[in-house]
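*Asks:* Have a peek at entry39.tsv (TSV, C-alpha atoms).
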chain	number	residue	atom	x	y	z
A	1	MET	CA	0.00	0.00	0.00
A	2	ARG	CA	0.92	3.64	-0.39
A	3	PHE	CA	1.15	5.80	2.74
A	4	LEU	CA	2.05	9.37	3.66
A	5	ALA	CA	3.32	9.69	7.22
A	6	ASP	CA	2.57	13.04	8.85
A	7	GLU	CA	5.32	14.76	10.84
A	8	SER	CA	3.42	13.94	14.03
A	9	CYS	CA	3.77	10.23	13.27
A	10	ASP	CA	6.32	8.28	15.28
A	11	PHE	CA	9.04	7.26	12.83
A	12	ALA	CA	8.84	3.70	14.18
A	13	ALA	CA	5.61	3.45	12.19
A	14	VAL	CA	7.39	4.59	9.03
A	15	HIS	CA	10.20	2.08	9.52
A	16	ALA	CA	7.80	-0.77	10.25
A	17	LEU	CA	5.59	-0.07	7.23
A	18	ARG	CA	8.62	0.21	4.94
A	19	ALA	CA	10.09	-3.02	6.33
A	20	ALA	CA	6.77	-4.73	5.55
A	21	GLY	CA	7.12	-3.66	1.91
A	22	HIS	CA	4.79	-0.67	1.85
A	23	ASP	CA	5.53	2.51	-0.11
A	24	VAL	CA	5.83	5.18	2.58
A	25	VAL	CA	6.67	8.85	2.07
A	26	ALA	CA	7.32	10.86	5.23
A	27	VAL	CA	6.25	14.51	5.28
A	28	SER	CA	9.42	15.27	7.23
A	29	GLU	CA	11.42	14.09	4.21
A	30	VAL	CA	9.49	15.91	1.46
A	31	ALA	CA	7.51	18.85	2.90
A	32	ARG	CA	8.82	19.66	6.37
A	33	GLY	CA	6.55	22.06	8.22
A	34	ALA	CA	3.59	21.69	5.85
A	35	VAL	CA	0.24	22.67	7.36
A	36	ASP	CA	-2.46	20.02	7.77
A	37	SER	CA	-4.51	21.16	4.75
A	38	VAL	CA	-1.45	20.80	2.51
A	39	VAL	CA	-0.61	17.40	4.00
A	40	ILE	CA	-4.09	15.96	3.44
A	41	GLU	CA	-4.13	17.31	-0.13
A	42	LEU	CA	-0.69	15.81	-0.81
A	43	ALA	CA	-1.90	12.42	0.41
A	44	ARG	CA	-5.07	12.69	-1.70
A	45	SER	CA	-3.26	13.82	-4.85
A	46	GLU	CA	-0.72	10.99	-4.55
A	47	ARG	CA	-3.42	8.47	-3.55
A	48	ARG	CA	-1.73	7.69	-0.26
A	49	VAL	CA	-3.39	6.81	3.02
A	50	LEU	CA	-2.32	9.36	5.62
A	51	VAL	CA	-0.83	8.00	8.85
A	52	THR	CA	-0.87	10.53	11.68
A	53	GLU	CA	-1.08	11.08	15.40
A	54	ASP	CA	-2.73	14.48	14.94
A	55	LYS	CA	-6.44	14.51	15.85
A	56	ASP	CA	-6.90	17.66	13.75
A	57	PHE	CA	-7.19	15.47	10.65
A	58	GLY	CA	-10.48	14.12	12.01
A	59	GLN	CA	-11.73	17.69	12.09
A	60	LEU	CA	-10.60	18.24	8.50
A	61	VAL	CA	-12.20	15.05	7.20
A	62	PHE	CA	-15.47	15.09	9.12
A	63	ALA	CA	-16.27	18.71	10.04
A	64	ALA	CA	-14.60	20.47	7.11
A	65	ALA	CA	-15.48	17.65	4.66
A	66	ARG	CA	-12.00	17.56	3.12
A	67	GLN	CA	-11.61	14.67	0.73
A	68	SER	CA	-8.91	12.15	1.52
A	69	SER	CA	-7.52	8.89	0.30
A	70	GLY	CA	-7.90	7.59	3.82
A	71	VAL	CA	-6.53	8.40	7.25
A	72	VAL	CA	-5.08	6.17	9.95
A	73	LEU	CA	-5.03	8.03	13.27
A	74	LEU	CA	-2.68	6.45	15.78
A	75	ARG	CA	-3.59	6.93	19.45
A	76	TRP	CA	-0.63	5.31	21.15
A	77	PRO	CA	0.42	6.06	24.73
A	78	VAL	CA	4.08	6.50	25.56
A	79	SER	CA	3.95	3.39	27.76
A	80	ALA	CA	3.14	1.21	24.72
A	81	ARG	CA	5.40	2.82	22.09
A	82	GLY	CA	7.45	-0.34	21.72
A	83	THR	CA	4.50	-2.10	20.08
A	84	LEU	CA	3.45	0.67	17.70
A	85	GLY	CA	5.24	-0.50	14.55
A	86	SER	CA	4.26	-4.15	14.71
A	87	ALA	CA	0.67	-3.37	15.69
A	88	LEU	CA	0.32	-0.94	12.77
A	89	VAL	CA	1.67	-3.47	10.29
A	90	GLU	CA	-0.75	-6.12	11.63
A	91	PHE	CA	-3.65	-3.65	11.40
A	92	VAL	CA	-2.79	-2.72	7.81
A	93	ALA	CA	-2.54	-6.39	6.82
A	94	ALA	CA	-5.94	-7.14	8.37
A	95	GLN	CA	-7.71	-4.04	7.01
A	96	ARG	CA	-5.88	-3.57	3.72
A	97	ASP	CA	-9.00	-3.64	1.54
A	98	SER	CA	-10.94	-1.18	3.70
A	99	LEU	CA	-8.36	1.56	4.36
A	100	THR	CA	-8.64	3.53	1.13
A	101	GLY	CA	-11.17	6.30	1.61
A	102	SER	CA	-11.82	5.47	5.26
A	103	PHE	CA	-10.91	7.00	8.60
A	104	ALA	CA	-9.36	4.55	11.04
A	105	VAL	CA	-8.43	5.04	14.67
A	106	VAL	CA	-5.88	2.56	15.96
A	107	GLU	CA	-5.10	2.13	19.64
A	108	PRO	CA	-3.35	-0.64	21.58
A	109	GLY	CA	-5.65	-3.64	21.48
A	110	ARG	CA	-8.40	-2.10	19.38
A	111	ALA	CA	-9.19	-0.28	16.16
A	112	ARG	CA	-12.20	1.11	14.39
A	113	VAL	CA	-12.62	1.91	10.72
A	114	SER	CA	-15.35	4.16	9.37
A	115	ARG	CA	-16.06	5.47	5.93
A	116	SER	CA	-15.20	9.13	5.42
A	117	PRO	CA	-18.16	11.35	4.55
Output the file's structure as structure tokens, nothing else.

*Replies:*
Amino acid sequence: MRFLADESCDFAAVHALRAAGHDVVAVSEVARGAVDSVVIELARSERRVLVTEDKDFGQLVFAAARQSSGVVLLRWPVSARGTLGSALVEFVAAQRDSLTGSFAVVEPGRARVSRSP
């Protein structure tokens, strides 16, 4: 799959997705400091699912009705950071067919996927 990792995203997620064979572009590598509206448009224009830890993307997708190629919002506490990469890779493998165009929230031990408006 194709992903765009927001600057808020723990780089362990980027490394884990790349190691699993996914095409991952990190905002910090291509558009450092880009505002959220630019980031979501970049992901949409490149047909990449956005991976972020920034709850503001939920506001953009649902309240502001910004189109997206999909968003994965990671809600991972510091105490569980060691499991972030592997859990994300497992989630992507399990939900691969439903991530495009959806909004997913992934937390330790649970996840929910909903269709974007």

*Asks:* Rounded to one decimal in Å, what is the spacing between atom CA of A:Ser8 and atom CA of A:Arg32?

*Replies:* 11.0 Å

*Asks:* Nearest to A:Asp23 among A:Ala87, A:Leu60, A:Val49, A:Val72, with distances taken over all atoms listed in the file: which residue is it?

*Replies:*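 Of A:Ala87, A:Leu60, A:Val49, A:Val72, the one nearest A:Asp23 is A:Val49, counting all atoms listed in the file.
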
*Asks:* Report, in Å to a single decimal, how far apart atom CA of A:Glu29 and atom CA of A:Thr100 are.

*Replies:*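 It comes out at 22.9 Å.
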
*Asks:* At what distance in Å, to one decimal, does atom CA of A:Arg2 lie from atom CA of A:Ala43?

*Replies:*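 Computing it gives 9.3 Å between the two atoms.
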
*Asks:* Once 6 Å is added on each side, what centre and edge lengths in Å to one decimal does the axis-aligned box around all listed atoms of stretch 3-7 of chain A have, as JSON?

*Replies:*
{"center_x": 3.2, "center_y": 10.3, "center_z": 6.8, "size_x": 16.2, "size_y": 21.0, "size_z": 20.1}

*Asks:* Using only C-alpha atoms, find the one residue out of A:Asp6, A:Leu99, A:Leu84, A:Pro108 that sits nearest to A:Gly33.

*Replies:*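 With only C-alpha atoms as the atom set, the closest residue is A:Asp6.
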
*Asks:* Applying 12 Å and all atoms listed in the file, which residues near A:Leu42 remain after dropping the ones on its own chain fewer than 4 positions away? List them as a ChimeraX atom specification.

*Replies:* /A:3-6,25-27,30-31,34-38,46-50,67-70

*Asks:* Select all residues near (-11.0, 17.1, 10.5) (cut-off 12 Å, inclusive, file coordinates), counting only C-alpha atoms, and output them as a VMD selection string.

*Replies:* chain A and resid 36 to 37 40 54 to 68 71 73 103 116 to 117

*Asks:* Could you please give me, as a PyMOL selection string, the residues of protein, DNA or RNA lying at most 6 Å from (-5.7, 3.6, 17.8) in the coordinate frame of the file, considering all atoms listed in the file?

*Replies:* chain A and resi 74-75+105-107+111

*Asks:* I'd like to know which of A:Ala104, A:Met1, A:Leu17, A:Val78 is closest to A:Glu90, using only C-alpha atoms.

*Replies:*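 Smallest distance to A:Glu90 is found for A:Leu17.
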
*Asks:* Under the rule that all atoms listed in the file are counted, which of A:Ala93, A:Cys9, A:Ala80, A:Ala20 is the nearest residue to A:Thr52?

*Replies:*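 Going through A:Ala93, A:Cys9, A:Ala80, A:Ala20 one by one, the smallest distance to A:Thr52 is for A:Cys9.
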
*Asks:* Extract stretch 23-66 of chain A from the preceding block and save C-alpha atoms as an mmCIF file, in the first residue's frame.

*Replies:*
data_model
loop_
_atom_site.group_PDB
_atom_site.id
_atom_site.type_symbol
_atom_site.label_atom_id
_atom_site.label_comp_id
_atom_site.auth_asym_id
_atom_site.auth_seq_id
_atom_site.Cartn_x
_atom_site.Cartn_y
_atom_site.Cartn_z
ATOM 1 C CA ASP A 23 5.527 2.510 -0.114
ATOM 2 C CA VAL A 24 5.828 5.183 2.582
ATOM 3 C CA VAL A 25 6.672 8.848 2.072
ATOM 4 C CA ALA A 26 7.324 10.865 5.226
ATOM 5 C CA VAL A 27 6.250 14.514 5.278
ATOM 6 C CA SER A 28 9.422 15.274 7.230
ATOM 7 C CA GLU A 29 11.419 14.094 4.208
ATOM 8 C CA VAL A 30 9.486 15.911 1.461
ATOM 9 C CA ALA A 31 7.512 18.846 2.899
ATOM 10 C CA ARG A 32 8.824 19.659 6.374
ATOM 11 C CA GLY A 33 6.550 22.064 8.224
ATOM 12 C CA ALA A 34 3.590 21.693 5.855
ATOM 13 C CA VAL A 35 0.237 22.667 7.358
ATOM 14 C CA ASP A 36 -2.465 20.025 7.765
ATOM 15 C CA SER A 37 -4.507 21.160 4.755
ATOM 16 C CA VAL A 38 -1.448 20.797 2.514
ATOM 17 C CA VAL A 39 -0.605 17.402 3.997
ATOM 18 C CA ILE A 40 -4.085 15.963 3.442
ATOM 19 C CA GLU A 41 -4.126 17.314 -0.128
ATOM 20 C CA LEU A 42 -0.690 15.813 -0.807
ATOM 21 C CA ALA A 43 -1.900 12.424 0.415
ATOM 22 C CA ARG A 44 -5.065 12.691 -1.696
ATOM 23 C CA SER A 45 -3.261 13.823 -4.853
ATOM 24 C CA GLU A 46 -0.718 10.987 -4.548
ATOM 25 C CA ARG A 47 -3.416 8.470 -3.555
ATOM 26 C CA ARG A 48 -1.734 7.692 -0.257
ATOM 27 C CA VAL A 49 -3.391 6.814 3.023
ATOM 28 C CA LEU A 50 -2.315 9.361 5.622
ATOM 29 C CA VAL A 51 -0.829 7.999 8.852
ATOM 30 C CA THR A 52 -0.871 10.533 11.683
ATOM 31 C CA GLU A 53 -1.081 11.079 15.404
ATOM 32 C CA ASP A 54 -2.727 14.480 14.941
ATOM 33 C CA LYS A 55 -6.441 14.507 15.850
ATOM 34 C CA ASP A 56 -6.905 17.662 13.754
ATOM 35 C CA PHE A 57 -7.193 15.469 10.650
ATOM 36 C CA GLY A 58 -10.477 14.123 12.014
ATOM 37 C CA GLN A 59 -11.727 17.692 12.095
ATOM 38 C CA LEU A 60 -10.602 18.241 8.498
ATOM 39 C CA VAL A 61 -12.201 15.048 7.200
ATOM 40 C CA PHE A 62 -15.474 15.094 9.122
ATOM 41 C CA ALA A 63 -16.267 18.712 10.043
ATOM 42 C CA ALA A 64 -14.599 20.475 7.107
ATOM 43 C CA ALA A 65 -15.482 17.647 4.662
ATOM 44 C CA ARG A 66 -12.002 17.557 3.117
#
